[in-house]
Each structure stands twice: as C-alpha cells, then as structure tokens.
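Below is model03.cif, which holds mmCIF, C-alpha atoms.
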```
data_model
#
loop_
_atom_site.group_PDB
_atom_site.id
_atom_site.type_symbol
_atom_site.label_atom_id
_atom_site.label_comp_id
_atom_site.auth_asym_id
_atom_site.auth_seq_id
_atom_site.Cartn_x
_atom_site.Cartn_y
_atom_site.Cartn_z
ATOM 1 C CA MET U 33 3.199 12.871 21.952
ATOM 2 C CA SER U 34 1.180 12.425 18.769
ATOM 3 C CA HIS U 35 -2.055 13.676 20.363
ATOM 4 C CA SER U 36 -0.635 17.201 20.278
ATOM 5 C CA LEU U 37 0.423 16.995 16.628
ATOM 6 C CA GLN U 38 -3.031 18.200 15.526
ATOM 7 C CA HIS U 39 -2.088 21.597 16.953
ATOM 8 C CA VAL U 40 1.208 21.931 15.129
ATOM 9 C CA LYS U 41 1.389 25.275 13.331
ATOM 10 C CA VAL U 42 3.711 27.246 11.078
ATOM 11 C CA GLY U 43 6.496 28.803 13.109
ATOM 12 C CA ASP U 44 6.654 26.064 15.733
ATOM 13 C CA ARG U 45 10.230 25.205 16.636
ATOM 14 C CA LEU U 46 11.409 21.689 17.415
ATOM 15 C CA PRO U 47 13.332 21.233 20.669
ATOM 16 C CA PRO U 48 16.956 21.637 19.504
ATOM 17 C CA LEU U 49 19.510 18.867 19.868
ATOM 18 C CA THR U 50 23.135 19.699 20.718
ATOM 19 C CA LEU U 51 25.816 17.029 20.352
ATOM 20 C CA ALA U 52 29.215 16.525 21.902
ATOM 21 C CA ALA U 53 32.160 17.974 19.952
ATOM 22 C CA VAL U 54 33.092 15.818 16.934
ATOM 23 C CA ASP U 55 36.102 13.629 17.717
ATOM 24 C CA ARG U 56 38.063 10.895 15.931
ATOM 25 C CA THR U 57 36.544 8.119 18.023
ATOM 26 C CA THR U 58 33.025 9.060 16.979
ATOM 27 C CA LEU U 59 34.068 9.083 13.316
ATOM 28 C CA ALA U 60 35.678 5.644 13.589
ATOM 29 C CA ARG U 61 32.644 4.213 15.347
ATOM 30 C CA PHE U 62 30.222 5.807 12.895
ATOM 31 C CA GLY U 63 32.230 4.480 9.957
ATOM 32 C CA CYS U 64 31.907 0.929 11.228
ATOM 33 C CA ALA U 65 28.267 1.202 12.311
ATOM 34 C CA SER U 66 27.073 2.931 9.152
ATOM 35 C CA GLY U 67 29.159 0.976 6.634
ATOM 36 C CA ASP U 68 30.866 4.132 5.336
ATOM 37 C CA LEU U 69 34.550 3.280 5.621
ATOM 38 C CA ASN U 70 35.794 6.004 3.267
ATOM 39 C CA PRO U 71 39.290 6.565 4.740
ATOM 40 C CA ILE U 72 38.956 10.333 4.356
ATOM 41 C CA HIS U 73 36.907 10.220 7.595
ATOM 42 C CA ILE U 74 39.191 7.967 9.621
ATOM 43 C CA ASP U 75 42.751 8.078 8.262
ATOM 44 C CA VAL U 76 44.590 11.399 8.607
ATOM 45 C CA ASP U 77 47.345 10.329 6.170
ATOM 46 C CA PHE U 78 44.754 9.619 3.498
ATOM 47 C CA ALA U 79 42.903 12.870 4.218
ATOM 48 C CA ARG U 80 46.104 14.928 3.851
ATOM 49 C CA LYS U 81 46.986 13.237 0.564
ATOM 50 C CA ALA U 82 43.494 14.170 -0.615
ATOM 51 C CA GLY U 83 44.273 17.810 0.142
ATOM 52 C CA MET U 84 42.299 18.105 3.374
ATOM 53 C CA PRO U 85 43.906 19.429 6.589
ATOM 54 C CA ASP U 86 42.596 16.466 8.613
ATOM 55 C CA VAL U 87 39.832 13.869 8.694
ATOM 56 C CA PHE U 88 36.334 15.332 8.837
ATOM 57 C CA ALA U 89 32.860 14.130 9.757
ATOM 58 C CA HIS U 90 30.692 12.022 7.480
ATOM 59 C CA GLY U 91 27.806 14.083 6.135
ATOM 60 C CA MET U 92 25.569 11.167 7.070
ATOM 61 C CA LEU U 93 26.599 11.459 10.738
ATOM 62 C CA SER U 94 25.047 14.919 10.837
ATOM 63 C CA MET U 95 22.044 13.691 8.874
ATOM 64 C CA ALA U 96 21.594 10.907 11.431
ATOM 65 C CA TRP U 97 21.648 13.561 14.181
ATOM 66 C CA LEU U 98 18.971 15.486 12.279
ATOM 67 C CA GLY U 99 17.007 12.221 12.161
ATOM 68 C CA ARG U 100 17.186 12.149 15.962
ATOM 69 C CA LEU U 101 15.918 15.746 16.066
ATOM 70 C CA LEU U 102 12.860 14.635 14.090
ATOM 71 C CA THR U 103 12.144 11.370 15.906
ATOM 72 C CA GLN U 104 12.457 12.960 19.346
ATOM 73 C CA TRP U 105 9.650 15.282 18.183
ATOM 74 C CA VAL U 106 7.363 12.743 16.462
ATOM 75 C CA PRO U 107 7.282 8.947 16.203
ATOM 76 C CA GLN U 108 9.342 7.789 13.224
ATOM 77 C CA SER U 109 6.212 6.218 11.678
ATOM 78 C CA ARG U 110 5.041 9.791 10.938
ATOM 79 C CA LEU U 111 8.082 10.610 8.818
ATOM 80 C CA ARG U 112 7.194 10.661 5.108
ATOM 81 C CA SER U 113 10.312 12.183 3.560
ATOM 82 C CA PHE U 114 13.603 13.699 4.678
ATOM 83 C CA GLY U 115 16.197 15.386 2.496
ATOM 84 C CA VAL U 116 19.287 17.528 2.992
ATOM 85 C CA ARG U 117 22.013 19.423 1.189
ATOM 86 C CA PHE U 118 25.515 19.230 2.630
ATOM 87 C CA GLN U 119 26.738 22.829 2.403
ATOM 88 C CA GLY U 120 29.860 22.843 4.500
ATOM 89 C CA ILE U 121 32.269 20.395 6.043
ATOM 90 C CA THR U 122 31.833 19.492 9.710
ATOM 91 C CA HIS U 123 35.339 19.380 11.199
ATOM 92 C CA LEU U 124 36.836 17.840 14.327
ATOM 93 C CA GLY U 125 35.969 19.941 17.359
ATOM 94 C CA HIS U 126 32.763 21.294 15.920
ATOM 95 C CA VAL U 127 29.869 21.296 18.370
ATOM 96 C CA ILE U 128 26.779 20.760 16.270
ATOM 97 C CA THR U 129 23.286 21.864 17.149
ATOM 98 C CA CYS U 130 20.358 20.493 15.140
ATOM 99 C CA LYS U 131 17.447 22.840 14.655
ATOM 100 C CA GLY U 132 14.033 22.570 13.040
ATOM 101 C CA GLN U 133 11.035 24.765 12.415
ATOM 102 C CA VAL U 134 7.608 24.157 10.857
ATOM 103 C CA THR U 135 7.357 26.235 7.679
ATOM 104 C CA GLU U 136 4.195 24.951 6.044
ATOM 105 C CA ILE U 137 1.124 22.796 6.638
ATOM 106 C CA VAL U 138 0.235 20.926 3.434
ATOM 107 C CA GLU U 139 -1.934 18.047 2.318
ATOM 108 C CA VAL U 140 0.052 15.263 0.645
ATOM 109 C CA ASN U 141 -1.566 12.011 -0.519
ATOM 110 C CA GLY U 142 -4.636 12.707 1.623
ATOM 111 C CA GLU U 143 -2.610 13.371 4.775
ATOM 112 C CA ARG U 144 -2.177 16.638 6.623
ATOM 113 C CA CYS U 145 1.558 17.118 6.832
ATOM 114 C CA ALA U 146 3.930 19.588 8.421
ATOM 115 C CA ARG U 147 6.957 20.624 6.416
ATOM 116 C CA VAL U 148 9.845 21.110 8.789
ATOM 117 C CA GLU U 149 13.001 22.918 7.728
ATOM 118 C CA VAL U 150 16.056 21.519 9.456
ATOM 119 C CA ALA U 151 19.662 22.652 9.744
ATOM 120 C CA THR U 152 22.871 21.884 11.576
ATOM 121 C CA VAL U 153 24.906 24.785 12.933
ATOM 122 C CA ASN U 154 28.284 24.691 14.665
ATOM 123 C CA GLN U 155 29.366 26.694 17.711
ATOM 124 C CA TYR U 156 30.529 29.552 15.468
ATOM 125 C CA GLY U 157 27.105 29.947 13.877
ATOM 126 C CA GLN U 158 28.176 28.360 10.584
ATOM 127 C CA VAL U 159 25.373 26.427 8.890
ATOM 128 C CA LYS U 160 26.621 23.059 7.657
ATOM 129 C CA ILE U 161 23.536 21.200 6.442
ATOM 130 C CA VAL U 162 20.103 22.399 5.412
ATOM 131 C CA GLY U 163 17.079 20.373 4.457
ATOM 132 C CA ASP U 164 13.502 19.561 5.131
ATOM 133 C CA ALA U 165 11.204 16.786 6.226
ATOM 134 C CA LEU U 166 7.553 16.022 5.669
ATOM 135 C CA ILE U 167 5.735 14.728 8.751
ATOM 136 C CA ALA U 168 2.157 13.415 8.823
ATOM 137 C CA ILE U 169 0.260 15.239 11.574
ATOM 138 C CA ALA U 170 -3.225 13.862 10.841
ATOM 139 C CA ILE U 171 -3.773 10.661 8.949
ATOM 140 C CA GLY U 172 -6.714 10.140 6.572
ATOM 141 C CA MET K 613 35.469 13.565 -16.770
ATOM 142 C CA ILE K 614 33.011 10.784 -16.009
ATOM 143 C CA ASP K 615 31.769 9.074 -19.164
ATOM 144 C CA LYS K 616 28.101 9.992 -19.636
ATOM 145 C CA LYS K 617 27.474 6.539 -21.076
ATOM 146 C CA TRP K 618 26.881 5.477 -17.454
ATOM 147 C CA ILE K 619 23.651 7.462 -17.210
ATOM 148 C CA GLY K 620 20.922 4.860 -16.811
ATOM 149 C CA HIS K 621 23.334 2.179 -15.621
ATOM 150 C CA GLU K 622 21.846 -0.136 -13.013
ATOM 151 C CA LEU K 623 24.028 -1.215 -10.098
ATOM 152 C CA ALA K 624 24.057 -4.806 -8.881
ATOM 153 C CA ALA K 625 21.294 -5.435 -6.340
ATOM 154 C CA THR K 626 22.371 -5.278 -2.696
ATOM 155 C CA THR K 627 20.740 -7.425 -0.036
ATOM 156 C CA MET K 628 21.094 -6.590 3.645
ATOM 157 C CA THR K 629 19.628 -8.259 6.698
ATOM 158 C CA LEU K 630 18.871 -5.597 9.292
ATOM 159 C CA GLU K 631 20.604 -7.151 12.267
ATOM 160 C CA ARG K 632 19.492 -5.920 15.682
ATOM 161 C CA GLY K 633 23.030 -5.675 17.057
ATOM 162 C CA ARG K 634 24.170 -3.565 14.121
ATOM 163 C CA LEU K 635 21.158 -1.275 14.466
ATOM 164 C CA CYS K 636 21.789 -0.846 18.187
ATOM 165 C CA ALA K 637 25.466 -0.051 17.520
ATOM 166 C CA PHE K 638 24.439 2.561 14.952
ATOM 167 C CA ALA K 639 21.929 4.098 17.384
ATOM 168 C CA ARG K 640 24.479 4.245 20.212
ATOM 169 C CA THR K 641 27.093 5.805 17.918
ATOM 170 C CA ILE K 642 24.785 8.697 17.033
ATOM 171 C CA GLY K 643 23.956 9.147 20.733
ATOM 172 C CA GLU K 644 20.383 7.924 20.425
ATOM 173 C CA THR K 645 18.691 7.904 23.827
ATOM 174 C CA ASP K 646 15.249 6.610 22.814
ATOM 175 C CA PRO K 647 15.106 2.924 23.883
ATOM 176 C CA LEU K 648 12.911 2.083 20.873
ATOM 177 C CA TYR K 649 16.201 2.074 18.909
ATOM 178 C CA THR K 650 18.303 0.055 21.328
ATOM 179 C CA ASP K 651 16.116 -2.092 23.584
ATOM 180 C CA LEU K 652 14.063 -5.006 22.251
ATOM 181 C CA ALA K 653 11.817 -5.127 25.333
ATOM 182 C CA ALA K 654 11.038 -1.412 25.075
ATOM 183 C CA ALA K 655 10.311 -1.719 21.346
ATOM 184 C CA GLN K 656 8.022 -4.713 21.839
ATOM 185 C CA GLY K 657 6.362 -2.968 24.762
ATOM 186 C CA ALA K 658 5.509 -0.131 22.374
ATOM 187 C CA GLY K 659 3.898 -2.586 19.963
ATOM 188 C CA LEU K 660 6.814 -2.775 17.516
ATOM 189 C CA CYS K 661 8.065 -6.088 16.140
ATOM 190 C CA ASP K 662 11.683 -5.220 16.994
ATOM 191 C CA VAL K 663 13.975 -2.209 17.456
ATOM 192 C CA LEU K 664 13.457 0.589 14.942
ATOM 193 C CA VAL K 665 15.664 1.195 11.921
ATOM 194 C CA PRO K 666 16.806 4.847 12.192
ATOM 195 C CA PRO K 667 15.687 7.110 9.305
ATOM 196 C CA THR K 668 19.078 7.284 7.577
ATOM 197 C CA PHE K 669 20.404 3.770 8.262
ATOM 198 C CA LEU K 670 19.499 2.266 4.869
ATOM 199 C CA PHE K 671 21.974 4.596 3.140
ATOM 200 C CA GLY K 672 24.762 2.337 4.371
ATOM 201 C CA ALA K 673 23.527 -0.883 2.772
ATOM 202 C CA GLU K 674 25.322 -0.313 -0.542
ATOM 203 C CA LEU K 675 28.454 0.922 1.203
ATOM 204 C CA ASP K 676 28.575 -2.083 3.473
ATOM 205 C CA ALA K 677 28.202 -4.514 0.579
ATOM 206 C CA GLY K 678 30.851 -2.811 -1.572
ATOM 207 C CA THR K 679 28.302 -1.815 -4.235
ATOM 208 C CA VAL K 680 29.356 1.830 -4.093
ATOM 209 C CA ASP K 681 33.064 0.916 -4.270
ATOM 210 C CA SER K 682 32.349 -1.127 -7.404
ATOM 211 C CA MET K 683 30.437 1.768 -8.931
ATOM 212 C CA LEU K 684 33.301 4.198 -8.240
ATOM 213 C CA ALA K 685 35.767 1.723 -9.771
ATOM 214 C CA ASP K 686 33.590 1.244 -12.892
ATOM 215 C CA LEU K 687 33.229 4.991 -13.346
ATOM 216 C CA GLU K 688 36.933 5.565 -12.550
ATOM 217 C CA ILE K 689 36.178 8.024 -9.745
ATOM 218 C CA PRO K 690 38.869 8.109 -7.011
ATOM 219 C CA ILE K 691 37.224 7.944 -3.581
ATOM 220 C CA ALA K 692 39.531 10.725 -2.335
ATOM 221 C CA LYS K 693 37.806 13.175 -4.683
ATOM 222 C CA ILE K 694 34.191 12.661 -3.696
ATOM 223 C CA LEU K 695 32.001 14.639 -1.348
ATOM 224 C CA HIS K 696 28.400 13.953 -0.445
ATOM 225 C CA GLY K 697 26.338 16.766 -1.946
ATOM 226 C CA GLU K 698 22.746 15.862 -1.212
ATOM 227 C CA GLN K 699 20.774 13.001 0.285
ATOM 228 C CA SER K 700 17.070 12.358 0.508
ATOM 229 C CA PHE K 701 14.749 9.597 1.623
ATOM 230 C CA THR K 702 11.091 8.913 0.932
ATOM 231 C CA TYR K 703 9.476 6.446 3.318
ATOM 232 C CA HIS K 704 6.683 4.128 2.206
ATOM 233 C CA LYS K 705 6.506 1.383 4.822
ATOM 234 C CA PRO K 706 8.166 0.872 8.197
ATOM 235 C CA VAL K 707 11.062 -1.580 8.436
ATOM 236 C CA CYS K 708 12.186 -3.400 11.539
ATOM 237 C CA ALA K 709 15.236 -5.264 12.774
ATOM 238 C CA GLY K 710 15.209 -8.820 11.479
ATOM 239 C CA GLU K 711 13.919 -7.952 8.015
ATOM 240 C CA THR K 712 15.975 -8.406 4.876
ATOM 241 C CA VAL K 713 15.895 -5.595 2.351
ATOM 242 C CA THR K 714 17.077 -5.357 -1.238
ATOM 243 C CA VAL K 715 18.448 -2.090 -2.613
ATOM 244 C CA LYS K 716 18.444 -1.500 -6.368
ATOM 245 C CA SER K 717 20.039 1.648 -7.727
ATOM 246 C CA ARG K 718 20.580 3.324 -11.040
ATOM 247 C CA ILE K 719 22.718 6.225 -12.118
ATOM 248 C CA ALA K 720 20.071 8.833 -12.861
ATOM 249 C CA ASP K 721 22.293 11.666 -14.052
ATOM 250 C CA ILE K 722 25.850 12.897 -14.519
ATOM 251 C CA PHE K 723 26.599 16.578 -15.096
ATOM 252 C CA ASP K 724 29.300 19.130 -14.389
ATOM 253 C CA LYS K 725 29.690 22.755 -13.341
ATOM 254 C CA LYS K 726 32.504 25.291 -13.507
ATOM 255 C CA ASN K 727 33.884 23.831 -16.777
ATOM 256 C CA GLY K 728 34.252 20.390 -15.250
ATOM 257 C CA ALA K 729 35.919 21.481 -12.010
ATOM 258 C CA LEU K 730 32.967 19.898 -10.231
ATOM 259 C CA GLU K 731 31.109 16.851 -11.506
ATOM 260 C CA PHE K 732 27.855 15.569 -10.060
ATOM 261 C CA LEU K 733 26.639 11.990 -9.973
ATOM 262 C CA VAL K 734 22.982 11.385 -9.143
ATOM 263 C CA LYS K 735 22.037 7.892 -7.932
ATOM 264 C CA THR K 736 18.459 6.860 -7.203
ATOM 265 C CA SER K 737 17.595 3.746 -5.214
ATOM 266 C CA GLN K 738 14.564 1.681 -4.384
ATOM 267 C CA VAL K 739 14.452 -0.474 -1.275
ATOM 268 C CA HIS K 740 12.110 -3.467 -1.101
ATOM 269 C CA ASN K 741 11.428 -5.756 1.855
ATOM 270 C CA ASP K 742 11.344 -9.544 1.615
ATOM 271 C CA LYS K 743 7.635 -9.415 0.617
ATOM 272 C CA ASN K 744 8.771 -7.317 -2.368
ATOM 273 C CA GLU K 745 6.993 -4.240 -0.989
ATOM 274 C CA LEU K 746 8.597 -0.861 -1.688
ATOM 275 C CA VAL K 747 9.667 0.465 1.716
ATOM 276 C CA ALA K 748 11.853 3.447 0.844
ATOM 277 C CA GLU K 749 13.424 5.432 -1.983
ATOM 278 C CA LEU K 750 16.749 7.221 -1.786
ATOM 279 C CA ARG K 751 18.388 9.896 -3.892
ATOM 280 C CA THR K 752 22.086 10.564 -3.541
ATOM 281 C CA VAL K 753 24.150 13.327 -5.147
ATOM 282 C CA LEU K 754 27.909 12.822 -5.061
ATOM 283 C CA VAL K 755 30.237 15.677 -5.975
ATOM 284 C CA VAL K 756 33.592 14.930 -7.616
ATOM 285 C CA ARG K 757 36.277 17.582 -7.047
ATOM 286 C CA ASN K 758 38.524 17.635 -10.111
#
```

Structure encoded using structure tokens:
Amino acid sequence: MSHSLQHVKVGDRLPPLTLAAVDRTTLARFGCASGDLNPIHIDVDFARKAGMPDVFAHGMLSMAWLGRLLTQWVPQSRLRSFGVRFQGITHLGHVITCKGQVTEIVEVNGERCARVEVATVNQYGQVKIVGDALIAIAIG
Amino acid sequence: MIDKKWIGHELAATTMTLERGRLCAFARTIGETDPLYTDLAAAQGAGLCDVLVPPTFLFGAELDAGTVDSMLADLEIPIAKILHGEQSFTYHKPVCAGETVTVKSRIADIFDKKNGALEFLVKTSQVHNDKNELVAELRTVLVVRN
C-alpha cells in the first residue's frame, strides 16, 4: 500500500466507508468499549430529561469511523495528526458515510505529508463532522 | 457560568494499561475489519509487537478512570448539558497493546459565546508511555448548553 503513497496528489479521494445505520446496540457497545458511559447516549429517559428527543451517537464513534477511513488508506504509523469539529448530532437511524480528499501536499518536520480533509455525511446529505488529518507520504 | 479560576488547573494523572481484549472489543464495535486491530497473530506477522491501538482510543482513558467525571463535578458542570465540540490528536510514537500509558491534562481555556448561552471548556492532554516518552497529545473542546 505505502509504495503508492509517493504518487498521492491534491484532489485524490480516499475510498469511502459506509456504516450500518446507527442503532441502540451499537451505542451501548461503544459506550462500554470506549469508556464513554455518558447516559445521554444509552438511556432514553436521561436523554429526554436533558431535552433531547432520544439517545444519540457519541461524537467519538463517528471519529473512530473516520479513523478507519484513514487507516484503510494508509498504515496507522503514517498518521501524524487528526482533528475534527462535531457540527451536527448523529441520530439513531442515520447511515453515515465517511469521506476524505487530499487537499494539500506539505512538508512538516522534514516529512512530505498529505493533508486530507475528512467528513461524515448521513443518508440525507447532512454533514455531521468535518476535520483533517496529516499523513506522512515520504519519510526523511 | 463556569468559574474561570479553573483555567490552568491540572487534572489528576490517569494511568491505563492498554489491554488487548479491550482494544479488540473497541475495534469490533466500530466494525474494524483489518486484523491488525483484532488478531495477535496477524499483528505479529506484520512485525508489530501486538494489536494496534486505534487512532482515537486514547480519548477514553480519562473517561474510563473517572477523571472527566471528577473534573465535571469540580467545575459544577452537569453531564446532561455537555456536547463534544472538537477533538484532535497529534501522534508522536506508536503505542501497542500491553503498554501502560499515563494521561496528564490541564484546563487550557474557558470562554463563552452568545452571552453565556454556550460555554466552552478546552482541555489539553499529554500521553506518555511507561518509558516516559511522549506518545500523543490530545485537545478536547466541550460545549456546555446553558
């Protein structure tokens, strides 16, 4: 995989990643596995008292999916930084697709890096998370 | 309103051993299909010491240990009011299952918008491995809906 990274150029798109619709089971499992047991993601009574119509997905679940988008494209050892802004809530039933595109080739700390803009979008075209990652494409 | 006296406050250090079973459970939960995250033999076959730690996993260390709950209690922020605004990671060294990491965080900033209707808490963290090498840095922005 990494042999082709030398040829990465601005405009290249990462193979997208589409997930199964968000359901309560996934949120319960992710809460336990990630350590984020905020009841707003797993307890509908708590969510309603907090003024939400229902439980909703952890932002970090979507960020973890974006992490998969990146590491299915390059080995994780190439990942230098990864940051996102959570713009909208991902609700039950949303089918999320993770997308990424190379927007810049830059030199950072002596390494040639690709800046990749990433986003999650639901089945209605609503963007939920945007961010970017810096990936080393040639070392030294 | 959150008292601004907390800016600069350092949270208690959090230590977490990166257990293989926990990492595999995390990977399965996010639908990971790459065996480097779930299969020791595959990881070792690829020259890794153990299964990989997914890029966002370390965020959970302070949640798991209750460090974040303590911070919210100290700052008198009800958990029902918070949303995750931003999250970033900078990676310095790879970490593997079996290692023990220590997370140290400080409250870097507190500010508000819309006349206090929204407050923002910025937390920055450093993660060191058991050789005291810096492996990752995290920056978290929590939004409090008042």

Report as a PyMOL selection string the set of chain U residues whose atoms approach chain K to within 8 Å, with distances computed over all atoms listed in the file.
chain U and resi 58+61-62+65-70+72+78-79+82+91-93+95-97+99-100+104+108-109+111-119

Distance query U:Asp44 at most 8 Å, only C-alpha atoms, self and fewer than 3 positions along chain excluded, as a ChimeraX atom specification
/U:40-41,133-134

Correct to one decimal, the distance atom CA of U:Gly120-atom CA of U:Gln158 is 8.4 Å

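With only C-alpha atoms as the atoms that count, the minimum distance from K:Lys743 to the choices K:Ile722, K:Ala655, K:Val713, K:Asn758 is reached by K:Val713.
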
Give me the residues near K:Glu711 as a ChimeraX atom specification, where near means some atom within 8 Å (using all atoms listed in the file) and where sequence neighbours in that chain fewer than 3 positions away do not count.
/K:629-631,707-708,741-742

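The coordinates place atom CA of U:Thr103 at 14.0 Å from atom CA of K:Thr650.
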
So which residues fall inside 12 Å of (34.5, 20.6, 9.1) if we count all atoms listed in the file? Mind giving them as a PyMOL selection string?
chain U and resi 53-55+73+84-91+94+118-128+152-156+158-161

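Using only C-alpha atoms for every distance, the candidate list K:Ala654, K:Lys725, K:Leu687, K:Val715 yields K:Lys725 as the residue closest to K:Val755.
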
Kindly resolve the PyMOL selection byres ((chain U and resi 150) around 8) on the present coordinates and return the residues as a VMD selection string.
chain U and resid 98 130 to 133 148 to 149 151 to 152 162 to 165

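In this model, the gap between atom CA of U:Arg45 and atom CA of U:Asn141 comes to 24.6 Å.
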
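The protein and nucleic acid residues lying at most 10 Å from K:Glu622 are K:Trp618, K:Met683, K:Lys716, K:Ser717, K:Arg718, K:Ile719, K:Ala720, K:Lys735, K:Thr736, K:Ser737, with all atoms listed in the file considered and sequence neighbours fewer than 4 positions away removed.
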